[in-house]
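A.B. asks: Structure file model.txt (compact mmCIF, C-alpha atoms) is given on the next line.
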```
# COMPACT_ATOMS: atom_id res chain seq x y z
CA MET A 1042 -18.02 -3.75 4.75
CA LYS A 1043 -21.15 -4.11 2.59
CA ASN A 1044 -22.14 -7.74 2.18
CA PHE A 1045 -21.71 -9.61 -1.10
CA GLU A 1046 -22.26 -13.05 -2.57
CA TYR A 1047 -19.29 -15.40 -2.49
CA ALA A 1048 -18.51 -17.78 -5.34
CA ALA A 1049 -15.60 -20.20 -5.59
CA PRO A 1050 -15.78 -21.68 -9.09
CA ALA A 1051 -13.73 -24.77 -9.92
CA ASN A 1052 -12.69 -23.77 -13.43
CA VAL A 1053 -11.85 -20.71 -15.54
CA GLU A 1054 -15.01 -20.99 -17.70
CA SER A 1055 -17.31 -20.75 -14.65
CA ALA A 1056 -15.34 -17.78 -13.36
CA THR A 1057 -15.52 -15.85 -16.64
CA ALA A 1058 -19.25 -16.67 -16.94
CA LEU A 1059 -19.79 -15.04 -13.54
CA LEU A 1060 -17.64 -12.06 -14.55
CA GLU A 1061 -19.67 -11.61 -17.73
CA LYS A 1062 -22.97 -11.88 -15.88
CA TYR A 1063 -22.15 -9.44 -13.08
CA GLY A 1064 -19.84 -7.06 -14.95
CA ASP A 1065 -18.26 -4.42 -12.79
CA ALA A 1066 -20.22 -5.66 -9.75
CA ALA A 1067 -18.04 -8.79 -9.68
CA LYS A 1068 -14.57 -8.64 -8.15
CA ILE A 1069 -11.94 -11.36 -8.24
CA LEU A 1070 -10.40 -12.57 -4.98
CA ALA A 1071 -6.93 -14.10 -5.17
CA GLY A 1072 -4.75 -13.34 -2.12
CA GLY A 1073 -7.12 -10.60 -1.01
CA THR A 1074 -4.34 -8.31 0.21
CA ASP A 1075 -5.53 -5.46 -2.02
CA ILE A 1076 -9.17 -6.24 -2.81
CA ILE A 1077 -10.33 -6.93 0.78
CA VAL A 1078 -8.84 -3.61 1.91
CA GLN A 1079 -10.40 -1.80 -1.08
CA LEU A 1080 -13.85 -3.32 -0.39
CA ARG A 1081 -13.61 -2.55 3.32
CA GLU A 1082 -12.57 1.04 2.72
CA GLY A 1083 -15.23 1.60 0.03
CA LEU A 1084 -12.66 2.19 -2.74
CA ARG A 1085 -14.26 -0.59 -4.79
CA ALA A 1086 -17.70 -2.20 -4.50
CA ALA A 1087 -18.83 -5.77 -5.22
CA ASP A 1088 -22.13 -7.64 -5.38
CA VAL A 1089 -20.25 -10.86 -5.87
CA VAL A 1090 -16.70 -11.82 -4.93
CA ILE A 1091 -15.22 -14.60 -7.06
CA ASP A 1092 -12.57 -16.59 -5.21
CA ILE A 1093 -10.34 -18.12 -7.90
CA LYS A 1094 -8.17 -20.20 -5.57
CA ASN A 1095 -10.10 -23.40 -6.27
CA ILE A 1096 -8.97 -23.30 -9.91
CA PRO A 1097 -5.86 -25.51 -10.14
CA GLU A 1098 -4.18 -23.77 -13.11
CA ILE A 1099 -4.47 -20.42 -11.32
CA VAL A 1100 -2.92 -21.35 -7.97
CA ASP A 1101 0.04 -23.41 -9.13
CA TYR A 1102 3.07 -23.08 -11.35
CA GLN A 1103 5.16 -25.26 -13.62
CA TYR A 1104 8.80 -24.69 -14.34
CA SER A 1105 11.37 -26.40 -16.49
CA ALA A 1106 14.73 -25.05 -17.65
CA ASP A 1107 13.78 -25.79 -21.29
CA VAL A 1108 10.27 -24.31 -21.41
CA GLY A 1109 10.44 -21.62 -18.74
CA LEU A 1110 7.84 -20.68 -16.15
CA GLN A 1111 4.08 -20.93 -16.33
CA LEU A 1112 2.92 -19.06 -13.24
CA GLY A 1113 -0.72 -19.30 -12.18
CA ALA A 1114 -2.01 -15.78 -11.56
CA ALA A 1115 -2.93 -16.43 -7.90
CA THR A 1116 0.25 -18.31 -6.89
CA PRO A 1117 1.35 -16.65 -3.63
CA CYS A 1118 4.73 -14.87 -3.47
CA TYR A 1119 6.25 -17.20 -0.87
CA ARG A 1120 6.02 -20.17 -3.23
CA ILE A 1121 8.13 -18.30 -5.80
CA TYR A 1122 10.98 -17.28 -3.53
CA GLY A 1123 10.80 -20.62 -1.77
CA ASP A 1124 11.76 -22.45 -4.98
CA GLU A 1125 15.53 -22.30 -5.48
CA GLU A 1126 15.37 -23.19 -9.17
CA LEU A 1127 12.93 -20.37 -9.88
CA ALA A 1128 14.91 -17.93 -7.80
CA LYS A 1129 18.01 -18.75 -9.83
CA ALA A 1130 16.27 -18.49 -13.20
CA TYR A 1131 14.44 -15.22 -12.45
CA PRO A 1132 16.39 -13.39 -9.71
CA ALA A 1133 14.59 -10.05 -10.20
CA VAL A 1134 11.25 -11.77 -9.62
CA LEU A 1135 12.67 -13.28 -6.44
CA ASP A 1136 13.86 -9.81 -5.32
CA SER A 1137 10.34 -8.44 -5.86
CA THR A 1138 8.39 -11.23 -4.21
CA ARG A 1139 10.58 -11.05 -1.10
CA ILE A 1140 9.76 -7.38 -0.45
CA ILE A 1141 6.05 -7.16 -1.28
CA GLY A 1142 4.65 -6.49 2.20
CA GLY A 1143 5.82 -8.64 5.09
CA TRP A 1144 5.77 -12.42 5.46
CA GLN A 1145 2.02 -12.50 6.20
CA ILE A 1146 1.27 -10.62 2.97
CA GLN A 1147 3.65 -12.81 0.94
CA SER A 1148 1.76 -15.89 2.16
CA ARG A 1149 -1.29 -14.68 0.25
CA ALA A 1150 -0.38 -11.96 -2.25
CA SER A 1151 0.32 -13.05 -5.82
CA VAL A 1152 2.30 -11.61 -8.70
CA GLY A 1153 -0.84 -11.86 -10.87
CA GLY A 1154 -2.79 -9.86 -8.31
CA ASN A 1155 -0.03 -7.26 -8.11
CA LEU A 1156 -0.30 -6.91 -11.90
CA CYS A 1157 -4.13 -6.69 -11.94
CA ASN A 1158 -4.13 -4.12 -9.14
CA ALA A 1159 -2.06 -2.03 -11.59
CA SER A 1160 -0.39 0.24 -9.08
CA PRO A 1161 2.21 2.45 -10.80
CA ALA A 1162 4.49 1.50 -7.86
CA ALA A 1163 3.87 -2.28 -8.01
CA ASP A 1164 7.07 -4.08 -7.01
CA SER A 1165 6.66 -7.14 -9.22
CA ILE A 1166 5.79 -5.49 -12.53
CA PRO A 1167 9.24 -4.11 -13.48
CA SER A 1168 10.71 -7.59 -12.86
CA LEU A 1169 8.04 -9.19 -15.06
CA ILE A 1170 8.75 -6.67 -17.83
CA ALA A 1171 12.52 -7.17 -17.53
CA HIS A 1172 12.02 -10.93 -17.82
CA GLN A 1173 9.74 -10.54 -20.87
CA ALA A 1174 6.68 -12.01 -19.18
CA THR A 1175 3.50 -12.63 -21.16
CA CYS A 1176 0.07 -12.31 -19.54
CA HIS A 1177 -2.52 -14.95 -20.47
CA ILE A 1178 -6.09 -13.75 -20.28
CA ALA A 1179 -9.33 -15.76 -20.46
CA GLY A 1180 -12.67 -14.25 -21.36
CA PRO A 1181 -16.12 -15.11 -22.67
CA HIS A 1182 -14.77 -15.06 -26.23
CA GLY A 1183 -11.72 -17.24 -25.63
CA ARG A 1184 -8.16 -16.56 -24.63
CA ARG A 1185 -5.62 -13.89 -25.58
CA SER A 1186 -2.16 -12.81 -24.49
CA VAL A 1187 -0.46 -9.46 -23.94
CA ALA A 1188 3.10 -8.50 -23.00
CA ALA A 1189 3.54 -7.52 -19.33
CA GLN A 1190 4.49 -3.94 -20.31
CA ASP A 1191 1.12 -3.54 -22.10
CA PHE A 1192 -1.06 -4.92 -19.29
CA CYS A 1193 -1.51 -1.79 -17.18
CA THR A 1194 -3.36 1.14 -18.77
CA GLY A 1195 -3.43 3.65 -15.90
CA PRO A 1196 -3.26 3.82 -12.11
CA GLY A 1197 -5.51 0.96 -10.89
CA ARG A 1198 -6.59 0.16 -14.46
CA ASN A 1199 -5.60 -2.66 -16.78
CA THR A 1200 -6.32 -4.11 -20.19
CA LEU A 1201 -8.93 -6.62 -18.95
CA GLU A 1202 -12.32 -6.19 -20.66
CA GLN A 1203 -15.65 -7.13 -19.11
CA GLY A 1204 -15.76 -10.86 -18.44
CA GLU A 1205 -12.00 -11.27 -18.69
CA MET A 1206 -9.55 -12.46 -16.08
CA LEU A 1207 -5.80 -13.01 -15.82
CA VAL A 1208 -5.12 -16.76 -15.72
CA ALA A 1209 -1.35 -17.08 -15.84
CA LEU A 1210 1.96 -15.49 -16.69
CA THR A 1211 4.66 -17.14 -18.72
CA LEU A 1212 8.34 -16.26 -18.53
CA PRO A 1213 10.77 -17.52 -21.17
CA PRO A 1214 13.54 -19.91 -20.12
CA SER A 1215 16.56 -18.35 -18.47
CA LYS A 1216 19.33 -17.66 -21.02
CA PRO A 1217 23.00 -18.58 -20.51
CA ASN A 1218 25.19 -15.83 -18.97
CA SER A 1219 22.12 -13.88 -17.89
CA GLY A 1220 21.22 -12.21 -14.61
CA SER A 1221 18.66 -9.75 -13.26
CA ALA A 1222 17.83 -7.65 -10.22
CA TYR A 1223 15.07 -5.48 -8.76
CA LEU A 1224 15.62 -2.66 -6.30
CA ARG A 1225 13.23 -0.09 -4.93
CA PHE A 1226 13.97 3.01 -2.94
CA ILE A 1227 12.01 3.42 0.29
CA PRO A 1228 12.79 5.60 3.30
CA ARG A 1229 12.15 2.68 5.70
CA ASN A 1230 13.90 -0.70 5.89
CA GLU A 1231 10.89 -2.82 4.92
CA MET A 1232 7.12 -2.69 4.43
CA ASP A 1233 6.78 0.44 2.33
CA ILE A 1234 5.60 1.59 -1.08
CA ALA A 1235 8.34 2.24 -3.64
CA VAL A 1236 9.34 5.85 -4.22
CA VAL A 1237 10.93 4.44 -7.38
CA GLY A 1238 11.45 0.81 -8.44
CA ALA A 1239 13.78 -0.49 -11.15
CA ALA A 1240 14.48 -3.92 -12.62
CA SER A 1241 17.31 -4.80 -14.98
CA TRP A 1242 18.01 -7.97 -16.92
CA VAL A 1243 21.19 -8.58 -18.91
CA GLN A 1244 22.71 -11.30 -21.02
CA LEU A 1245 26.51 -11.14 -21.32
CA ASP A 1246 28.66 -12.54 -24.11
CA ASP A 1247 30.79 -15.62 -23.42
CA SER A 1248 33.72 -13.51 -22.16
CA GLY A 1249 31.44 -11.94 -19.55
CA GLU A 1250 32.87 -8.54 -20.46
CA SER A 1251 30.19 -7.08 -22.71
CA ILE A 1252 26.41 -6.94 -22.73
CA GLN A 1253 24.71 -8.85 -25.53
CA SER A 1254 21.21 -7.65 -24.68
CA GLY A 1255 19.46 -5.99 -21.78
CA ARG A 1256 16.03 -4.98 -20.54
CA ILE A 1257 15.29 -2.20 -18.06
CA ALA A 1258 11.89 -1.50 -16.48
CA LEU A 1259 10.73 1.15 -14.01
CA ALA A 1260 7.96 1.70 -11.48
CA ALA A 1261 6.48 4.73 -9.69
CA VAL A 1262 7.70 7.20 -12.31
CA ALA A 1263 4.68 7.27 -14.67
CA PRO A 1264 0.94 6.35 -14.58
CA VAL A 1265 1.97 2.74 -15.40
CA PRO A 1266 5.15 0.70 -14.92
CA LEU A 1267 7.41 1.32 -17.92
CA TYR A 1268 9.65 -0.65 -20.23
CA ALA A 1269 12.67 1.58 -20.90
CA GLU A 1270 13.00 0.66 -24.54
CA GLU A 1271 15.66 3.10 -25.69
CA ALA A 1272 17.94 2.47 -22.71
CA SER A 1273 17.44 -1.29 -23.10
CA SER A 1274 18.33 -1.47 -26.79
CA TRP A 1275 21.29 0.88 -26.28
CA LEU A 1276 22.81 -1.73 -23.92
CA SER A 1277 23.44 -4.22 -26.75
CA GLY A 1278 27.17 -4.42 -27.45
CA GLN A 1279 28.17 -2.09 -24.60
CA PRO A 1280 30.98 -3.10 -22.21
CA ALA A 1281 29.67 -4.30 -18.82
CA THR A 1282 31.28 -1.43 -16.94
CA ALA A 1283 30.27 1.23 -14.45
CA ALA A 1284 30.22 3.90 -17.17
CA THR A 1285 27.69 1.86 -19.16
CA PHE A 1286 25.44 1.44 -16.12
CA VAL A 1287 25.48 5.21 -15.52
CA GLU A 1288 24.74 6.02 -19.17
CA ALA A 1289 21.83 3.54 -19.27
CA GLY A 1290 20.43 5.25 -16.17
CA GLU A 1291 20.67 8.63 -17.91
CA LEU A 1292 18.82 7.26 -20.96
CA ALA A 1293 16.12 5.69 -18.76
CA LYS A 1294 15.48 9.09 -17.16
CA ASN A 1295 14.28 10.41 -20.55
CA ILE A 1296 11.07 8.41 -20.57
CA VAL A 1297 9.79 9.10 -17.05
CA SER A 1298 7.02 11.52 -16.08
CA PRO A 1299 6.85 11.25 -12.30
CA ILE A 1300 4.53 13.12 -9.96
CA SER A 1301 5.47 14.91 -6.77
CA ASP A 1302 3.76 13.53 -3.68
CA MET A 1303 4.43 12.78 -0.02
CA ARG A 1304 6.96 10.09 -1.01
CA GLY A 1305 9.15 12.38 -3.09
CA THR A 1306 9.28 15.14 -5.66
CA ALA A 1307 9.29 14.52 -9.40
CA GLU A 1308 12.90 15.76 -9.55
CA TYR A 1309 13.97 13.38 -6.78
CA ARG A 1310 12.24 10.44 -8.50
CA GLN A 1311 14.01 11.23 -11.74
CA HIS A 1312 17.34 11.25 -9.91
CA LEU A 1313 16.49 7.90 -8.30
CA VAL A 1314 15.86 6.35 -11.72
CA GLY A 1315 19.51 6.95 -12.61
CA VAL A 1316 20.72 5.55 -9.29
CA LEU A 1317 18.54 2.43 -9.31
CA VAL A 1318 19.14 1.57 -12.97
CA LYS A 1319 22.90 1.82 -12.35
CA ARG A 1320 22.69 -0.36 -9.23
CA THR A 1321 20.37 -3.01 -10.68
CA LEU A 1322 22.53 -3.32 -13.80
CA LYS A 1323 25.59 -3.80 -11.62
CA ILE A 1324 23.90 -6.56 -9.60
CA ALA A 1325 22.42 -8.16 -12.74
CA VAL A 1326 25.90 -8.29 -14.35
CA GLU A 1327 27.43 -9.79 -11.18
CA ARG A 1328 24.70 -12.40 -11.09
CA ALA A 1329 25.18 -13.17 -14.79
CA ARG A 1330 28.89 -13.69 -14.22
CA THR A 1331 28.43 -15.93 -11.19
CA ASN A 1332 25.39 -17.69 -12.67
CA GLN A 1333 23.16 -16.77 -9.73
CA MET B 724 -30.87 -10.85 7.77
CA SER B 725 -28.00 -11.45 5.41
CA LYS B 726 -27.42 -14.95 4.19
CA LYS B 727 -24.99 -16.91 6.33
CA ILE B 728 -22.62 -19.49 4.96
CA HIS B 729 -21.68 -22.70 6.73
CA VAL B 730 -17.92 -23.31 7.04
CA THR B 731 -16.11 -26.39 8.37
CA THR B 732 -12.51 -25.98 9.46
CA THR B 733 -9.89 -27.10 11.98
CA ILE B 734 -8.69 -24.61 14.58
CA ASN B 735 -5.88 -25.50 17.00
CA GLY B 736 -6.45 -29.19 16.25
CA GLU B 737 -10.21 -29.10 16.91
CA PRO B 738 -12.78 -29.57 14.14
CA ILE B 739 -14.90 -26.39 14.16
CA GLU B 740 -18.03 -25.36 12.28
CA PHE B 741 -19.32 -21.83 12.08
CA LEU B 742 -21.76 -19.62 10.17
CA CYS B 743 -20.64 -16.30 8.74
CA GLU B 744 -21.57 -13.72 6.16
CA ALA B 745 -19.35 -13.54 3.07
CA ARG B 746 -18.04 -10.13 4.13
CA HIS B 747 -16.83 -11.29 7.56
CA SER B 748 -13.08 -11.59 7.95
CA LEU B 749 -11.49 -14.62 9.56
CA LEU B 750 -10.45 -12.26 12.37
CA GLU B 751 -14.09 -11.26 13.00
CA VAL B 752 -15.12 -14.92 12.98
CA LEU B 753 -12.36 -15.89 15.43
CA ARG B 754 -13.04 -13.06 17.85
CA ASP B 755 -16.78 -12.44 17.61
CA SER B 756 -18.23 -15.85 16.74
CA LEU B 757 -15.76 -18.28 18.24
CA GLY B 758 -14.58 -16.31 21.27
CA LEU B 759 -10.91 -16.68 20.31
CA THR B 760 -9.96 -13.14 21.25
CA GLY B 761 -6.20 -13.73 21.37
CA SER B 762 -5.81 -12.49 17.79
CA LYS B 763 -6.04 -8.70 17.90
CA GLU B 764 -7.44 -6.12 15.53
CA GLY B 765 -4.81 -3.41 15.09
CA CYS B 766 -5.01 -1.71 11.71
CA ASN B 767 -7.53 -4.00 9.98
CA ASN B 768 -5.73 -3.48 6.66
CA GLY B 769 -2.77 -5.83 6.68
CA ASN B 770 -0.05 -3.52 7.98
CA CYS B 771 0.36 -4.35 11.66
CA GLY B 772 0.26 -8.15 11.95
CA ALA B 773 -1.54 -8.16 15.33
CA CYS B 774 -4.10 -10.57 13.81
CA THR B 775 -1.49 -13.07 12.52
CA VAL B 776 -2.63 -16.70 12.48
CA MET B 777 -1.27 -19.76 10.70
CA LEU B 778 -3.44 -20.77 7.72
CA ASN B 779 -2.49 -24.14 6.24
CA GLY B 780 0.99 -23.79 7.70
CA VAL B 781 1.81 -20.22 6.63
CA PRO B 782 1.38 -16.98 8.58
CA VAL B 783 -1.36 -14.66 7.32
CA ASP B 784 -3.11 -11.51 8.50
CA SER B 785 -6.53 -12.86 9.47
CA CYS B 786 -8.07 -9.44 8.79
CA LEU B 787 -7.25 -10.01 5.10
CA VAL B 788 -8.83 -13.48 4.90
CA LEU B 789 -12.58 -13.97 4.50
CA GLY B 790 -14.15 -16.45 6.91
CA VAL B 791 -15.71 -18.28 3.96
CA GLU B 792 -12.26 -18.85 2.47
CA VAL B 793 -11.17 -21.22 5.25
CA GLU B 794 -13.53 -24.06 4.33
CA GLY B 795 -11.48 -27.24 4.81
CA ALA B 796 -8.43 -25.29 6.05
CA THR B 797 -6.23 -25.81 9.10
CA ILE B 798 -5.80 -22.78 11.34
CA GLU B 799 -3.56 -22.24 14.35
CA THR B 800 -4.05 -19.20 16.56
CA VAL B 801 -2.10 -17.87 19.53
CA GLU B 802 -4.47 -19.86 21.79
CA GLY B 803 -2.96 -23.06 20.37
CA ILE B 804 0.67 -22.26 21.17
CA ALA B 805 0.72 -23.26 24.87
CA GLN B 806 0.32 -27.02 25.31
CA ASN B 807 -1.24 -28.72 28.36
CA GLY B 808 -1.06 -25.54 30.40
CA GLU B 809 2.67 -25.11 29.69
CA LEU B 810 3.86 -21.99 27.91
CA HIS B 811 5.84 -22.58 24.72
CA PRO B 812 9.50 -21.41 24.98
CA ILE B 813 8.72 -18.46 22.71
CA GLN B 814 6.01 -17.33 25.15
CA GLN B 815 8.21 -17.92 28.20
CA CYS B 816 11.07 -15.96 26.60
CA PHE B 817 8.79 -13.02 25.71
CA LEU B 818 7.65 -12.98 29.33
CA GLU B 819 11.15 -13.20 30.82
CA GLY B 820 12.65 -10.81 28.27
CA ALA B 821 9.92 -8.17 28.83
CA ALA B 822 9.25 -8.24 25.09
CA LEU B 823 5.87 -6.60 25.55
CA GLN B 824 4.37 -3.54 27.10
CA CYS B 825 0.77 -2.91 26.07
CA GLY B 826 0.53 -6.43 24.62
CA ILE B 827 -1.68 -5.77 21.60
CA CYS B 828 1.00 -6.82 19.11
CA THR B 829 2.19 -9.79 21.18
CA PRO B 830 -0.12 -12.57 19.88
CA GLY B 831 0.86 -11.73 16.30
CA PHE B 832 4.56 -11.65 17.19
CA LEU B 833 4.28 -15.01 18.99
CA VAL B 834 2.60 -16.71 16.03
CA ALA B 835 5.05 -15.23 13.50
CA ALA B 836 8.14 -15.85 15.66
CA LYS B 837 7.14 -19.48 16.29
CA ALA B 838 6.64 -19.92 12.53
CA LEU B 839 10.06 -18.39 11.89
CA LEU B 840 11.81 -20.73 14.36
CA GLU B 841 10.09 -23.73 12.79
CA LYS B 842 11.29 -22.66 9.32
CA ASN B 843 14.72 -21.44 10.44
CA PRO B 844 15.80 -22.68 13.92
CA HIS B 845 18.91 -20.45 14.00
CA PRO B 846 17.93 -17.09 12.52
CA SER B 847 20.41 -14.21 12.55
CA GLU B 848 19.28 -10.89 14.01
CA GLU B 849 18.76 -9.61 10.45
CA GLU B 850 16.65 -12.63 9.55
CA ILE B 851 14.53 -12.13 12.66
CA ARG B 852 13.98 -8.47 11.86
CA PHE B 853 13.25 -9.21 8.17
CA ASN B 854 10.76 -11.98 8.89
CA LEU B 855 9.00 -10.01 11.63
CA ALA B 856 8.77 -6.83 9.52
CA GLY B 857 5.06 -7.54 9.04
CA ASN B 858 4.48 -7.20 12.80
CA LEU B 859 4.46 -3.70 14.23
CA CYS B 860 5.11 -2.82 17.88
CA ARG B 861 4.73 0.78 18.99
CA CYS B 862 5.98 0.22 22.58
CA THR B 863 9.17 -1.79 22.82
CA GLY B 864 11.42 -0.52 20.05
CA TYR B 865 11.80 -4.17 18.93
CA ASP B 866 15.15 -4.88 20.63
CA LYS B 867 13.60 -6.89 23.45
CA ILE B 868 11.44 -8.77 20.96
CA VAL B 869 14.47 -9.69 18.84
CA ARG B 870 16.45 -10.77 21.92
CA SER B 871 13.54 -12.88 23.17
CA VAL B 872 13.27 -14.65 19.82
CA GLN B 873 17.03 -15.33 19.99
CA ALA B 874 16.64 -16.67 23.54
CA ALA B 875 13.79 -18.94 22.43
CA ALA B 876 15.93 -20.19 19.53
CA SER B 877 18.74 -21.17 21.95
CA GLN B 878 16.29 -22.79 24.36
CA LEU B 879 14.60 -24.80 21.60
CA GLN B 880 18.03 -25.88 20.36
CA GLU B 881 18.93 -27.17 23.85
CA THR B 882 15.72 -29.14 24.18
CA THR B 883 16.19 -30.82 20.79
CA SER B 884 19.92 -31.58 21.19
```
Here is the file; what I need is its structure written in the form of structure tokens.

C.D. replies:
Amino acid sequence: MKNFEYAAPANVESATALLEKYGDAAKILAGGTDIIVQLREGLRAADVVIDIKNIPEIVDYQYSADVGLQLGAATPCYRIYGDEELAKAYPAVLDSTRIIGGWQIQSRASVGGNLCNASPAADSIPSLIAHQATCHIAGPHGRRSVAAQDFCTGPGRNTLEQGEMLVALTLPPSKPNSGSAYLRFIPRNEMDIAVVGAASWVQLDDSGESIQSGRIALAAVAPVPLYAEEASSWLSGQPATAATFVEAGELAKNIVSPISDMRGTAEYRQHLVGVLVKRTLKIAVERARTNQ
Amino acid sequence: MSKKIHVTTTINGEPIEFLCEARHSLLEVLRDSLGLTGSKEGCNNGNCGACTVMLNGVPVDSCLVLGVEVEGATIETVEGIAQNGELHPIQQCFLEGAALQCGICTPGFLVAAKALLEKNPHPSEEEIRFNLAGNLCRCTGYDKIVRSVQAAASQLQETTS
């Protein structure tokens, strides 16, 4: 690996100043599970690596049932699934963080890093979209926010401009009678890249029999993770039954544009969208009913 | 000569200082600078877990940590598992259960399995397999590893009860 300077600023302003000064030659280090591999393999190059883990607001999170979750961008996965309250409020996020790599990776890898790496197959992004996460960005000209579904702009590319960095994600408070789930299809049991990933979130009415509102998001079926808008809005007012889950899966298939590669053909991926949307909706509804 | 950075850390209970370049991984520092060659380099990209060490109480792939990142940290490596010349039950059970053949993956499995038993003293077979999914073994087929972790769990339970 080519050598680089190492900086570990103590606040966001110092980090963005470095990013502005070095431009594309600066790379941010959070958990390092993507960037260290990319630097070592020559896929990305850096003159300076900026370790953001000394910045308190970036490595920690705050949660309350009233306000929701403020998740520092570099908070490692294991801290999310290790917190029972969080796991209960955002079950799809828990599902994702438990299957990103193995335990060693989860000790370091962060949801914010997964988002910035902008892989079309990123396991955490559909769950963030389903839970209506907002991304909070700091830059030399102040702060701005974008919705999670607008953060990625292409494979490995995101909305961050020169000098900008992702500071935190916020997720709205968990609603009553709501539940969510993330599933991915992989040919192995663990430790693999999603052939297709899907997250569903639903809120049921008080009877628990019909869907008040829903959100469906997909990964590995387009250049960026997708919010399935038409399928999501169609869910409002539908009965929470198997037929609804199947129909939502069919609608979600309309927006995908998958590629064929060694993990599966485009046709197979499209089929999997239907299967995974159906299954995640079923789990999300069960969780909403049992308040899990 | 590239600039070297001074790092102060604690490894296996001992205060340690070392110099490294920013690009050097913790694994390179452990093996090449500090002579702690128990941690192995398998894939060097975070897939195989042969380089697993405990960093501030959680298992990490030391190939995916920069040496400069461990300033002020506490690290435990496979060399720290045996105490006073006595093998830890997890090591003894791996030995008795023939849970290794070539041995390259073993240090990583020992560190991760010990961490698992500290977090969850009575893991089910599924929990063992799930938590050790980040450690690859190309020799044993995993069954003997899983059984040895189960044996160590029973043995540790006996010694504490």

A.B. asks: Choose the residue, out of A:Gly1195, A:Pro1132, A:Gly1142, A:Pro1280, that has the smallest atom-to-atom separation from Ser1219 in chain A; count all atoms listed in the file.

C.D. replies: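 Of all the options, A:Pro1132 lies closest to Ser1219 in chain A.
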
A.B. asks: Could you give me, as CSV, a per-residue list for chain B showing, wherever an atom lies at most 7 Å from an atom of chain A, the closest pair of atoms and their distance in Å to one decimal, using all atoms listed in the file and sorting by chain then residue number from low to high?

C.D. replies:
```
residue,atom,partner,partner_atom,distance
B:Ala745,CA,A:Tyr1047,CA,5.9
B:Arg746,CA,A:Asn1044,CA,5.1
B:Asn768,CA,A:Val1078,CA,5.7
B:Val781,CA,A:Ser1148,CA,6.2
B:Pro782,CA,A:Gln1145,CA,5.1
B:Val783,CA,A:Gln1145,CA,4.2
B:Asp784,CA,A:Gln1145,CA,5.7
B:Leu787,CA,A:Thr1074,CA,5.9
B:Val788,CA,A:Gly1073,CA,6.8
B:Asn854,CA,A:Trp1144,CA,6.1
B:Ala856,CA,A:Gly1143,CA,5.6
B:Gly857,CA,A:Gly1143,CA,4.2
```

A.B. asks: Compute the distance from (27.1, -17.9, -12.1) to each atom, counting all atoms listed in the file, keep the residues with any atom at most 12 Å away, and return them as a count of residues only; use the coordinates of the file.

C.D. replies: 21

A.B. asks: Got a sec: who's within 8 Å of Val791 in chain B, counting all atoms listed in the file, leaving out chain neighbours fewer than 4 positions off, as a short mmCIF file (atom, residue, chain, number, x, y, z; two decimals) with C-alpha atoms, keeping the file's coordinate frame?

C.D. replies:
```cif
data_model
loop_
_atom_site.label_atom_id
_atom_site.label_comp_id
_atom_site.auth_asym_id
_atom_site.auth_seq_id
_atom_site.Cartn_x
_atom_site.Cartn_y
_atom_site.Cartn_z
CA TYR A 1047 -19.29 -15.40 -2.49
CA ILE B 728 -22.62 -19.49 4.96
CA HIS B 729 -21.68 -22.70 6.73
CA VAL B 730 -17.92 -23.31 7.04
CA CYS B 743 -20.64 -16.30 8.74
CA GLU B 744 -21.57 -13.72 6.16
CA ALA B 745 -19.35 -13.54 3.07
CA HIS B 747 -16.83 -11.29 7.56
CA LEU B 749 -11.49 -14.62 9.56
#
```

A.B. asks: Of the residues B:Leu759, B:Leu818, B:Pro812, B:Gly790, which is the one nearest to Lys727 in chain B, using all atoms listed in the file?

C.D. replies: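 When distances to Lys727 in chain B are compared using all atoms listed in the file, the smallest one comes from B:Gly790.
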
A.B. asks: In Å to one decimal, how far is CA of Gly808 in chain B from CA of Ser871 in chain B?

C.D. replies: 20.6 Å

A.B. asks: Figure out the distance between CA of Gly1255 in chain A and CA of Leu1313 in chain A, please, to one decimal in Å.

C.D. replies: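 Computing the Euclidean distance for CA of Leu1313 in chain A and CA of Gly1255 in chain A yields 19.6 Å.
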
A.B. asks: Measure the distance from CA of Lys1323 in chain A to CA of Thr1282 in chain A in Å and round it to one decimal.

C.D. replies: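 For CA of Lys1323 in chain A relative to CA of Thr1282 in chain A, the distance reads 8.1 Å.
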
A.B. asks: Hey, can I get the axis-aligned box for range 806-823 of chain B? All listed atoms, 3 Å padding on each side, centre and edge lengths in Å to one decimal, as JSON.

C.D. replies:
```
{"center_x": 5.7, "center_y": -17.7, "center_z": 26.8, "size_x": 19.9, "size_y": 28.1, "size_z": 14.1}
```

A.B. asks: Using all atoms listed in the file, find the one residue out of A:Gly1180, A:Gly1153, A:Gly1083, A:Pro1167 that sits nearest to Glu1054 in chain A.

C.D. replies: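 Ranked by minimum distance to Glu1054 in chain A, first place goes to A:Gly1180.
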
A.B. asks: Counting all atoms listed in the file, find residues at most 9 Å from (-10.8, -11.6, 16.6) (file frame) and give them as a ChimeraX atom specification.

C.D. replies: /B:748-764,774,785-786

A.B. asks: If you count all atoms listed in the file, which residues fall within 7 Å of Arg1256 in chain A, apart from same-chain ones fewer than 2 positions away, as a PDB file with C-alpha atoms, keeping the file's coordinate frame?

C.D. replies:
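Result saved to part39.pdb:
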```
ATOM      1  CA  ALA A1171      12.520  -7.170 -17.530  1.00  0.00           C
ATOM      2  CA  SER A1241      17.310  -4.800 -14.980  1.00  0.00           C
ATOM      3  CA  TRP A1242      18.010  -7.970 -16.920  1.00  0.00           C
ATOM      4  CA  VAL A1243      21.190  -8.580 -18.910  1.00  0.00           C
ATOM      5  CA  ALA A1258      11.890  -1.500 -16.480  1.00  0.00           C
ATOM      6  CA  SER A1273      17.440  -1.290 -23.100  1.00  0.00           C
TER       7      SER A1273
END
```
